[in-house]
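Below is one structure, written out as structure tokens; comments come after it.
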Amino acid sequence: MRVVAWAVLVIGVVGSIALGLQVLTDGLIVQKTELVGIRSGIAVILLGIVSSFLVWLSLLAVRDLFYLFIHVKENTGTAAQTIARNWD
């Protein structure tokens with residue numbers, strides 16, 4: 001999951017910069033709306049980088065939640081075995 005998160009971050013940042021430069025130089029048409037110019041290009045770059053960062057952060061949080069669930073399961077099993085041994 002960590003590898004996927006880092007891949008999303010790197011590809012997202014590079015892709016955002018590439019798409020932003022595309023908008024700066026040639027423009028881009030999205031659903032009959034033309035994006036062209038410095039403001040649109042910078043907006044695409046910034047929004048792409050911010051969204052890539054948020055997805056990266058979310059994937060790392062999900063990874064840590066998986067670890068948390070695994071450790072809770074292990075600790076619950078250990079506690080149950082200890083209680084069962086002491087009960088007898």
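Labeling convention for the structure tokens: chains A, B, ... as they appear, residues from 1 per chain, ligands from 1 in order of appearance.
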
(message) Based on the backbone DSSP call, show me all residues of region 11-51 of chain A assigned alpha helix (DSSP H), as an MDAnalysis selection string.
(response) chainID A and resid 11:25 38:51

(request) Might you pull out every residue within 8 Å of region 3-11 of chain A, with only C-alpha atoms counted and same-chain residues fewer than 4 positions away left off, and present them as a ChimeraX atom specification? (result) /A:15,52-53,55-57,59-60

(request) Would you mind reading off the distance between CA of Gly37 (chain A) and CA of Val23 (chain A), one decimal, in Å? (result)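 It comes out at 6.7 Å.
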
(request) Mind giving me the straight-line distance from CA of Leu21 (chain A) to CA of Arg2 (chain A) in Å, one decimal? (result)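 Interatomic distance, CA of Leu21 (chain A) to CA of Arg2 (chain A): 28.7 Å.
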
(request) One decimal, Å: what's the distance from CA of Ala18 (chain A) over to CA of Ile45 (chain A), could you say? (result) 8.2 Å

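Near Val36 (chain A), within 12 Å and counting only C-alpha atoms, sit A:Leu19, A:Gly20, A:Leu21, A:Gln22, A:Val23, A:Leu24, A:Thr25, A:Asp26, A:Gly27, A:Leu28, A:Ile29, A:Val30, A:Gly41, A:Ile42, A:Ala43, A:Val44, not including residues fewer than 5 positions from it in the same chain.
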
Emit the selected residues as a PDB file, in the first residue's frame, including N, CA and C atoms.
ATOM      1  N   LEU A  19       0.097  18.449 -17.390  1.00  0.00           N
ATOM      2  CA  LEU A  19      -1.196  18.943 -17.855  1.00  0.00           C
ATOM      3  C   LEU A  19      -1.287  20.458 -17.717  1.00  0.00           C
ATOM      4  N   GLY A  20      -0.738  20.985 -16.629  1.00  0.00           N
ATOM      5  CA  GLY A  20      -0.727  22.433 -16.451  1.00  0.00           C
ATOM      6  C   GLY A  20       0.079  23.139 -17.522  1.00  0.00           C
ATOM      7  N   LEU A  21       1.206  22.574 -17.890  1.00  0.00           N
ATOM      8  CA  LEU A  21       2.009  23.152 -18.970  1.00  0.00           C
ATOM      9  C   LEU A  21       1.288  23.047 -20.307  1.00  0.00           C
ATOM     10  N   GLN A  22       0.547  21.970 -20.497  1.00  0.00           N
ATOM     11  CA  GLN A  22      -0.271  21.815 -21.708  1.00  0.00           C
ATOM     12  C   GLN A  22      -1.312  22.929 -21.782  1.00  0.00           C
ATOM     13  N   VAL A  23      -1.962  23.208 -20.649  1.00  0.00           N
ATOM     14  CA  VAL A  23      -2.970  24.275 -20.609  1.00  0.00           C
ATOM     15  C   VAL A  23      -2.310  25.625 -20.848  1.00  0.00           C
ATOM     16  N   LEU A  24      -1.122  25.828 -20.282  1.00  0.00           N
ATOM     17  CA  LEU A  24      -0.414  27.098 -20.469  1.00  0.00           C
ATOM     18  C   LEU A  24      -0.068  27.362 -21.933  1.00  0.00           C
ATOM     19  N   THR A  25       0.384  26.330 -22.625  1.00  0.00           N
ATOM     20  CA  THR A  25       0.869  26.536 -23.994  1.00  0.00           C
ATOM     21  C   THR A  25      -0.223  26.391 -25.049  1.00  0.00           C
ATOM     22  N   ASP A  26      -0.943  25.272 -25.033  1.00  0.00           N
ATOM     23  CA  ASP A  26      -1.887  24.978 -26.117  1.00  0.00           C
ATOM     24  C   ASP A  26      -3.347  25.139 -25.724  1.00  0.00           C
ATOM     25  N   GLY A  27      -3.632  25.062 -24.450  1.00  0.00           N
ATOM     26  CA  GLY A  27      -5.020  25.108 -24.005  1.00  0.00           C
ATOM     27  C   GLY A  27      -5.603  23.707 -23.943  1.00  0.00           C
ATOM     28  N   LEU A  28      -6.788  23.615 -23.383  1.00  0.00           N
ATOM     29  CA  LEU A  28      -7.456  22.335 -23.215  1.00  0.00           C
ATOM     30  C   LEU A  28      -8.955  22.582 -23.233  1.00  0.00           C
ATOM     31  N   ILE A  29      -9.705  21.729 -23.913  1.00  0.00           N
ATOM     32  CA  ILE A  29     -11.159  21.863 -23.968  1.00  0.00           C
ATOM     33  C   ILE A  29     -11.771  20.770 -23.103  1.00  0.00           C
ATOM     34  N   VAL A  30     -12.547  21.192 -22.102  1.00  0.00           N
ATOM     35  CA  VAL A  30     -13.207  20.263 -21.190  1.00  0.00           C
ATOM     36  C   VAL A  30     -14.691  20.570 -21.218  1.00  0.00           C
ATOM     37  N   GLY A  41      -3.644  27.397 -16.196  1.00  0.00           N
ATOM     38  CA  GLY A  41      -2.520  26.463 -16.082  1.00  0.00           C
ATOM     39  C   GLY A  41      -2.034  26.318 -14.656  1.00  0.00           C
ATOM     40  N   ILE A  42      -1.895  27.448 -13.968  1.00  0.00           N
ATOM     41  CA  ILE A  42      -1.447  27.398 -12.575  1.00  0.00           C
ATOM     42  C   ILE A  42      -2.500  26.727 -11.695  1.00  0.00           C
ATOM     43  N   ALA A  43      -3.761  26.978 -11.963  1.00  0.00           N
ATOM     44  CA  ALA A  43      -4.835  26.343 -11.200  1.00  0.00           C
ATOM     45  C   ALA A  43      -4.809  24.829 -11.384  1.00  0.00           C
ATOM     46  N   VAL A  44      -4.607  24.382 -12.611  1.00  0.00           N
ATOM     47  CA  VAL A  44      -4.538  22.938 -12.874  1.00  0.00           C
ATOM     48  C   VAL A  44      -3.358  22.323 -12.137  1.00  0.00           C
TER      49      VAL A  44
END

(request) Using DSSP on the backbone coordinates, identify all residues within region 5-75 of chain A classified as strand (DSSP E); present the result as number ranges by chain. (result) A: 28-30, 33-35

(message) Taking only C-alpha atoms into account, name the residue in A:Ser58, A:Asn86, A:Gln31, A:Ser51 that is nearest to Met1 (chain A).
(response)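 Counting only C-alpha atoms, the residue closest to Met1 (chain A) is A:Ser58.
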